$ cat coords21.txt   # compact mmCIF, C-alpha atoms
# COMPACT_ATOMS: atom_id res chain seq x y z
CA MET A 1 6.04 -2.16 42.67
CA PRO A 2 8.50 -3.01 45.49
CA MET A 3 12.20 -2.49 44.85
CA ILE A 4 15.52 -3.04 46.60
CA ARG A 5 18.76 -1.20 45.94
CA THR A 6 22.10 -2.92 45.92
CA ALA A 7 25.56 -1.49 45.41
CA TYR A 8 25.09 -1.92 41.66
CA THR A 9 21.40 -2.25 40.83
CA GLU A 10 17.79 -1.40 41.45
CA LEU A 11 15.82 -4.64 41.42
CA HIS A 12 12.04 -4.58 41.17
CA TYR A 13 9.93 -7.59 42.02
CA VAL A 14 6.43 -8.93 42.57
CA ASP A 15 5.67 -10.07 46.12
CA ASP A 16 2.73 -12.40 46.81
CA GLY A 17 1.70 -14.19 49.98
CA PRO A 18 2.35 -13.65 53.69
CA ALA A 19 5.64 -12.11 54.77
CA GLY A 20 6.36 -15.08 57.01
CA GLY A 21 5.45 -17.76 54.50
CA GLN A 22 7.82 -20.35 53.06
CA PRO A 23 9.81 -18.44 50.44
CA VAL A 24 9.78 -19.34 46.77
CA VAL A 25 11.72 -17.22 44.26
CA LEU A 26 10.71 -17.45 40.60
CA ALA A 27 13.23 -16.12 38.06
CA HIS A 28 12.01 -15.62 34.49
CA GLY A 29 14.04 -16.06 31.33
CA PHE A 30 14.51 -14.45 27.92
CA PRO A 31 12.45 -12.98 26.43
CA ASP A 32 9.96 -12.88 29.28
CA GLU A 33 8.88 -11.21 32.53
CA PRO A 34 7.32 -12.20 35.87
CA SER A 35 3.72 -12.69 34.73
CA THR A 36 4.93 -15.84 32.97
CA TRP A 37 4.55 -17.49 36.39
CA ASP A 38 0.92 -16.45 37.00
CA ASP A 39 -0.60 -19.88 36.38
CA VAL A 40 2.10 -21.55 38.50
CA VAL A 41 1.59 -19.18 41.42
CA ALA A 42 -2.15 -19.88 41.37
CA LEU A 43 -1.43 -23.59 41.97
CA LEU A 44 1.02 -23.21 44.84
CA PRO A 45 -0.05 -24.00 48.42
CA GLU A 46 -1.60 -21.28 50.55
CA GLY A 47 0.77 -19.59 52.94
CA VAL A 48 3.75 -19.54 50.57
CA ARG A 49 5.53 -16.25 49.96
CA VAL A 50 6.36 -15.92 46.27
CA ILE A 51 8.95 -13.42 45.05
CA ARG A 52 9.19 -12.79 41.30
CA PRO A 53 12.08 -10.51 40.35
CA TYR A 54 12.47 -8.68 37.08
CA LEU A 55 15.91 -9.51 35.71
CA ARG A 56 18.21 -6.56 35.11
CA GLY A 57 17.17 -4.64 32.02
CA VAL A 58 13.57 -5.89 32.21
CA GLY A 59 10.75 -3.79 33.61
CA GLN A 60 12.20 -1.25 36.00
CA SER A 61 15.15 -3.41 37.15
CA ARG A 62 18.36 -1.78 36.06
CA VAL A 63 22.08 -1.48 36.66
CA THR A 64 22.89 1.80 38.39
CA ASN A 65 26.68 1.48 38.67
CA PRO A 66 28.45 1.55 35.27
CA ALA A 67 31.17 -0.78 36.59
CA ALA A 68 28.57 -3.55 36.86
CA MET A 69 27.04 -3.08 33.41
CA SER A 70 26.90 -6.72 32.37
CA ALA A 71 24.48 -9.56 31.79
CA GLN A 72 26.90 -12.42 32.48
CA VAL A 73 25.58 -15.29 34.56
CA ALA A 74 27.57 -14.22 37.63
CA ALA A 75 25.79 -10.87 37.56
CA LEU A 76 22.33 -12.41 37.24
CA ALA A 77 23.02 -14.86 40.06
CA THR A 78 24.40 -12.09 42.28
CA ASP A 79 21.21 -10.11 41.71
CA LEU A 80 19.09 -13.06 42.87
CA LEU A 81 21.17 -13.60 46.00
CA ASP A 82 21.25 -9.87 46.76
CA LEU A 83 17.47 -9.72 46.50
CA MET A 84 16.98 -12.75 48.72
CA GLY A 85 19.39 -11.36 51.28
CA ALA A 86 17.82 -7.90 51.30
CA LEU A 87 14.39 -9.41 51.86
CA GLY A 88 15.66 -11.69 54.62
CA LEU A 89 14.02 -14.69 53.00
CA GLY A 90 16.14 -17.35 54.65
CA PRO A 91 16.55 -20.65 52.80
CA ALA A 92 14.20 -20.63 49.81
CA VAL A 93 13.10 -22.83 46.96
CA LEU A 94 14.66 -21.16 43.93
CA VAL A 95 12.97 -21.64 40.56
CA GLY A 96 14.34 -20.50 37.23
CA HIS A 97 13.56 -20.71 33.53
CA ASP A 98 16.01 -20.11 30.67
CA TRP A 99 18.21 -17.16 31.79
CA GLY A 100 16.58 -17.64 35.17
CA ALA A 101 17.69 -21.28 35.14
CA ARG A 102 21.27 -20.25 34.43
CA ALA A 103 21.08 -17.71 37.25
CA ALA A 104 19.46 -20.22 39.62
CA HIS A 105 22.05 -22.92 38.93
CA ALA A 106 24.77 -20.35 39.53
CA ALA A 107 23.17 -19.10 42.75
CA ALA A 108 22.99 -22.69 44.00
CA ALA A 109 26.69 -23.13 43.24
CA ILE A 110 27.64 -19.84 44.93
CA ALA A 111 25.42 -20.06 48.03
CA PRO A 112 23.88 -23.50 48.54
CA HIS A 113 23.07 -22.59 52.15
CA ALA A 114 20.56 -20.02 50.86
CA LEU A 115 18.40 -22.69 49.21
CA THR A 116 16.30 -25.64 50.31
CA GLY A 117 15.61 -26.76 46.77
CA LEU A 118 16.13 -25.91 43.13
CA VAL A 119 13.64 -26.20 40.26
CA THR A 120 14.93 -25.24 36.83
CA MET A 121 13.53 -25.40 33.34
CA SER A 122 14.63 -25.59 29.71
CA THR A 123 18.28 -24.50 30.02
CA ALA A 124 20.38 -27.35 31.39
CA TYR A 125 23.49 -27.03 33.54
CA GLY A 126 26.94 -27.88 32.26
CA PRO A 127 29.34 -27.26 29.38
CA GLY A 128 27.97 -28.83 26.24
CA THR A 129 31.43 -29.36 24.79
CA ASP A 130 32.25 -31.80 27.60
CA LEU A 131 28.94 -33.66 27.70
CA LEU A 132 27.78 -33.79 24.08
CA THR A 133 28.99 -35.63 21.00
CA ALA A 134 30.15 -33.59 18.02
CA THR A 135 26.81 -34.16 16.29
CA GLU A 136 24.88 -33.10 19.39
CA VAL A 137 26.96 -29.93 19.66
CA LEU A 138 26.05 -29.09 16.06
CA ASP A 139 22.37 -29.87 16.68
CA ASP A 140 22.43 -27.53 19.67
CA ALA A 141 24.15 -24.80 17.67
CA ALA A 142 21.58 -25.13 14.90
CA VAL A 143 18.64 -24.26 17.17
CA ALA A 144 20.74 -21.63 18.97
CA TRP A 145 21.65 -19.69 15.83
CA TYR A 146 20.45 -16.41 17.38
CA ARG A 147 23.17 -16.62 20.06
CA TYR A 148 25.87 -16.59 17.40
CA TRP A 149 24.00 -14.06 15.24
CA LEU A 150 24.15 -11.63 18.17
CA CYS A 151 27.92 -12.14 18.28
CA THR A 152 28.21 -10.50 14.85
CA ALA A 153 28.19 -6.76 14.31
CA ALA A 154 25.31 -7.08 11.85
CA GLY A 155 23.22 -9.20 14.20
CA ALA A 156 23.79 -6.96 17.21
CA ARG A 157 22.96 -3.87 15.16
CA ALA A 158 19.76 -5.42 13.82
CA PHE A 159 18.69 -6.51 17.29
CA ARG A 160 19.39 -3.14 18.86
CA ASP A 161 17.45 -1.45 16.04
CA ASP A 162 14.39 -3.62 16.67
CA PRO A 163 14.55 -5.97 19.67
CA THR A 164 10.86 -6.81 19.34
CA ALA A 165 11.45 -8.72 16.09
CA LEU A 166 13.49 -11.43 17.84
CA VAL A 167 11.17 -11.39 20.86
CA ARG A 168 8.13 -12.07 18.70
CA TRP A 169 10.01 -14.68 16.66
CA ALA A 170 11.08 -16.52 19.81
CA TRP A 171 7.55 -16.80 21.13
CA ARG A 172 6.28 -18.07 17.77
CA ASN A 173 9.02 -20.66 17.30
CA TRP A 174 10.32 -21.86 20.64
CA SER A 175 6.95 -23.17 21.82
CA PRO A 176 5.29 -24.34 18.60
CA GLY A 177 2.09 -25.47 20.35
CA LEU A 178 1.60 -22.26 22.34
CA ARG A 179 -0.37 -19.35 21.00
CA LEU A 180 0.27 -16.48 23.35
CA PRO A 181 -2.65 -14.03 23.65
CA GLN A 182 -1.90 -10.56 22.34
CA SER A 183 -2.58 -9.13 25.79
CA ALA A 184 0.25 -11.29 27.22
CA MET A 185 2.58 -10.34 24.36
CA ASP A 186 1.86 -6.68 25.02
CA ILE A 187 2.95 -7.12 28.66
CA ILE A 188 6.20 -8.78 27.53
CA LEU A 189 6.94 -6.13 24.92
CA ASP A 190 6.33 -3.36 27.43
CA ALA A 191 8.64 -5.04 29.99
CA VAL A 192 11.53 -5.32 27.52
CA ASN A 193 11.13 -1.79 26.19
CA THR A 194 13.89 -0.41 28.39
CA PRO A 195 17.18 1.40 27.78
CA GLN A 196 19.29 -1.54 29.02
CA PHE A 197 17.45 -4.54 27.58
CA ALA A 198 19.06 -4.81 24.13
CA ASP A 199 22.61 -4.26 25.37
CA ASN A 200 22.08 -6.84 28.13
CA VAL A 201 20.86 -9.46 25.66
CA VAL A 202 23.82 -8.90 23.34
CA HIS A 203 26.26 -9.07 26.24
CA TYR A 204 24.67 -12.18 27.77
CA TYR A 205 25.11 -14.19 24.58
CA ARG A 206 28.48 -12.74 23.66
CA HIS A 207 29.85 -13.44 27.13
CA GLY A 208 28.37 -16.92 27.10
CA THR A 209 30.17 -17.77 23.86
CA GLY A 210 33.45 -16.21 25.00
CA GLU A 211 33.17 -13.25 22.65
CA ALA A 212 32.89 -10.51 25.28
CA PRO A 213 34.62 -9.94 28.62
CA GLY A 214 32.71 -9.78 31.85
CA SER A 215 32.65 -7.01 34.41
CA LEU A 216 35.52 -6.92 36.88
CA VAL A 217 32.89 -6.58 39.61
CA TYR A 218 31.95 -10.22 39.05
CA ALA A 219 35.35 -11.59 38.02
CA GLU A 220 35.95 -13.78 41.07
CA THR A 221 32.43 -15.23 41.05
CA GLN A 222 32.52 -15.81 37.30
CA ALA A 223 35.86 -17.61 37.51
CA MET A 224 34.34 -20.03 40.00
CA LEU A 225 31.23 -20.56 37.85
CA ASP A 226 33.30 -21.15 34.73
CA LYS A 227 34.55 -24.37 36.34
CA TRP A 228 30.95 -25.67 36.44
CA PRO A 229 31.08 -26.63 40.13
CA THR A 230 28.90 -29.48 41.36
CA ILE A 231 25.50 -28.34 42.61
CA THR A 232 24.82 -29.64 46.11
CA VAL A 233 21.16 -28.57 46.36
CA PRO A 234 18.41 -31.14 45.56
CA THR A 235 17.22 -30.26 42.07
CA THR A 236 14.34 -30.90 39.70
CA PHE A 237 14.81 -30.05 36.02
CA LEU A 238 11.93 -29.85 33.55
CA ILE A 239 12.28 -29.66 29.78
CA GLY A 240 9.78 -29.86 26.94
CA THR A 241 10.46 -32.38 24.22
CA ALA A 242 9.21 -29.82 21.66
CA ASP A 243 11.53 -27.04 22.84
CA GLY A 244 12.52 -24.94 19.85
CA CYS A 245 15.79 -23.57 21.21
CA GLU A 246 17.13 -26.20 23.61
CA THR A 247 18.03 -29.81 22.89
CA LEU A 248 17.63 -32.80 25.19
CA PRO A 249 21.05 -34.55 25.32
CA LEU A 250 22.71 -32.17 27.80
CA ALA A 251 19.81 -32.48 30.26
CA ARG A 252 19.91 -36.27 29.92
CA GLY A 253 23.65 -36.46 30.47
CA ASN A 254 24.46 -34.06 33.30
CA ALA A 255 23.13 -35.91 36.38
CA SER A 256 26.63 -36.30 37.83
CA ARG A 257 26.85 -32.53 38.30
CA PHE A 258 24.16 -32.66 41.01
CA SER A 259 25.53 -34.35 44.11
CA ALA A 260 22.22 -34.17 46.01
CA GLY A 261 20.34 -35.71 43.12
CA ARG A 262 18.52 -34.29 40.14
CA ASP A 263 15.10 -35.40 38.95
CA LEU A 264 14.69 -35.01 35.18
CA ILE A 265 11.12 -34.47 33.96
CA GLU A 266 10.60 -34.54 30.19
CA LEU A 267 7.29 -33.04 29.14
CA ASP A 268 5.91 -34.39 25.88
CA ASN A 269 4.50 -31.87 23.40
CA VAL A 270 5.70 -28.96 25.55
CA GLY A 271 7.97 -26.30 24.11
CA HIS A 272 10.36 -23.81 25.65
CA PHE A 273 8.04 -21.73 27.82
CA VAL A 274 7.28 -24.46 30.34
CA SER A 275 5.62 -22.28 32.97
CA ARG A 276 2.98 -21.19 30.45
CA GLU A 277 2.47 -24.60 28.88
CA ALA A 278 2.72 -26.96 31.86
CA PRO A 279 2.07 -24.91 35.02
CA SER A 280 0.74 -27.95 36.91
CA ALA A 281 4.01 -29.84 36.41
CA VAL A 282 6.03 -26.83 37.57
CA ALA A 283 3.83 -26.25 40.62
CA GLU A 284 4.05 -29.92 41.58
CA ALA A 285 7.85 -29.86 41.36
CA ILE A 286 7.94 -26.81 43.62
CA ARG A 287 5.49 -28.38 46.09
CA LEU A 288 7.67 -31.47 46.47
CA HIS A 289 10.57 -29.26 47.52
CA LEU A 290 8.38 -27.21 49.85
CA ASP A 291 7.02 -30.17 51.79
CA GLY A 292 10.21 -32.21 51.84
CA SER A 293 8.98 -34.97 49.55
CA ARG A 294 11.89 -34.22 47.21
CA LEU A 295 14.70 -35.33 49.49
CA ASP A 296 18.42 -35.62 48.95
CA THR A 297 18.76 -38.70 46.74
CA ARG A 298 22.48 -39.35 47.12

$ encode --input "coords21.txt" --output "structure tokens"
Amino acid sequence: MPMIRTAYTELHYVDDGPAGGQPVVLAHGFPDEPSTWDDVVALLPEGVRVIRPYLRGVGQSRVTNPAAMSAQVAALATDLLDLMGALGLGPAVLVGHDWGARAAHAAAAIAPHALTGLVTMSTAYGPGTDLLTATEVLDDAAVAWYRYWLCTAAGARAFRDDPTALVRWAWRNWSPGLRLPQSAMDIILDAVNTPQFADNVVHYYRHGTGEAPGSLVYAETQAMLDKWPTITVPTTFLIGTADGCETLPLARGNASRFSAGRDLIELDNVGHFVSREAPSAVAEAIRLHLDGSRLDTR
């Protein structure tokens, strides 16, 4: 498996297509790994180069410098941009799901020049407290109970003792209509069976709720991202109406945060794992960015 080294990490990735093809980068979420994109990749146009990184702590991707031990969004976005830069991809269509969506939104905010388009799924951009009513905030918190559970000592201890319990639960409940084959689950469980996975998950959610500090390595970048800067890259966002851990109001209310336009695609009877449940819709969204059909809609 190919790998690049940065000042802080070793990042492994899957590389498909010709070296000179139009670049597409597909960033998976939690709890998942790059094969989640298999059906999407099969539907993309010939001649496209598709890069699928393993997020830090998944597969063989890992943090090598203790100063950068973190799973905050600034770290995940930096990893994506470091990988793209090391591979010399040039402007790419960046695609992200869940954690990958957070990282992709952040990468677009940090380095819009590195992207020609953005396709994100399930996890919407923006601070819920600013864009949601009090009832909507509570609805969101209700389905996101695990984030707050991991902020407790008991929850973090239980997760570290057996990370697979939450992984299996997520796949059963976040996409109610999806029955993942055991062979696919085995691939996921193997990918998350790493020394850094559990600590990264706990830190990601604790940092996201303000309950853990970030790494000083990413302090400047994180401070910028915490202001939720406007994204200037043309964007398509897809969300399933049956998503078991994300609610719809934030995605419906955040269009003003995308100055180059944002197409919202709501997928009926689709849950959280959009790439597995609606690969045709994802591939079509990517294709529109590749061929220029998805233009700046300002």

$ closest_residue --input "coords21.txt" --among "A:Ala134, A:Leu267, A:Ile51, A:Ala109" --to "Gly88 of chain A" --atoms "all atoms listed in the file"
A:Ile51

$ residues_around --input "coords21.txt" --residues "segment 61-73 of chain A" --least-positions-apart "4" --cutoff "10 Å" --atoms "all atoms listed in the file" --output "MDAnalysis selection string"
chainID A and resid 3:13 53:57 77:79 99:107 191 194:197 199:208 212:218 221:222 225:226

$ closest_residue --input "coords21.txt" --among "A:Gly155, A:Arg276, A:His289, A:Glu33" --to "Pro181 of chain A" --atoms "only C-alpha atoms"
A:Arg276

$ closest_residue --input "coords21.txt" --among "A:Arg179, A:Arg160, A:His113, A:Arg49" --to "Phe273 of chain A" --atoms "all atoms listed in the file"
A:Arg179

$ closest_residue --input "coords21.txt" --among "A:Pro23, A:Pro18, A:Pro163, A:Gly29" --to "Ala92 of chain A" --atoms "only C-alpha atoms"
A:Pro23

$ atom_distance --input "coords21.txt" --atom1 "atom CA of Val93 of chain A" --atom2 "atom CA of Arg257 of chain A"
18.9 Å

$ atom_distance --input "coords21.txt" --atom1 "atom CA of Leu150 of chain A" --atom2 "atom CA of His28 of chain A"
20.7 Å

$ atom_distance --input "coords21.txt" --atom1 "atom CA of Asp15 of chain A" --atom2 "atom CA of Gly85 of chain A"
14.7 Å

$ axis_aligned_box --input "coords21.txt" --around "segment 142-161 of chain A" --padding-each-side "8 Å" --output "lines of an AutoDock Vina configuration file"
center_x = 22.8
center_y = -13.3
center_z = 16.0
size_x = 26.8
size_y = 39.7
size_z = 24.2

$ residues_around --input "coords21.txt" --residues "Arg252 of chain A" --least-positions-apart "5" --cutoff "10 Å" --atoms "all atoms listed in the file" --output "PDB file with C-alpha atoms, keeping the file's coordinate frame"
ATOM      1  CA  ALA A 124      20.380 -27.350  31.390  1.00  0.00           C
ATOM      2  CA  LEU A 131      28.940 -33.660  27.700  1.00  0.00           C
ATOM      3  CA  THR A 247      18.030 -29.810  22.890  1.00  0.00           C
ATOM      4  CA  LEU A 264      14.690 -35.010  35.180  1.00  0.00           C
ATOM      5  CA  ILE A 265      11.120 -34.470  33.960  1.00  0.00           C
ATOM      6  CA  GLU A 266      10.600 -34.540  30.190  1.00  0.00           C
TER       7      GLU A 266
END

$ residues_around --input "coords21.txt" --residues "Leu43 of chain A" --least-positions-apart "5" --cutoff "12 Å" --atoms "all atoms listed in the file" --output "list in words"
Trp37, Asp38, Val48, Val50, Ser275, Ala278, Pro279, Ser280, Ala281, Val282, Ala283, Glu284, Ala285, Ile286 and Arg287 of chain A

$ closest_residue --input "coords21.txt" --among "A:Pro229, A:Gly210, A:Pro34, A:Gly126" --to "Cys151 of chain A" --atoms "all atoms listed in the file"
A:Gly210

$ closest_residue --input "coords21.txt" --among "A:Ala158, A:Leu189, A:Val137, A:Val41" --to "Glu246 of chain A" --atoms "only C-alpha atoms"
A:Val137

$ residues_around --input "coords21.txt" --residues "Leu115 of chain A" --least-positions-apart "3" --cutoff "10 Å" --atoms "only C-alpha atoms" --output "number ranges by chain"
A: 23-25, 89-94, 104, 107-108, 111-112, 118, 232-234
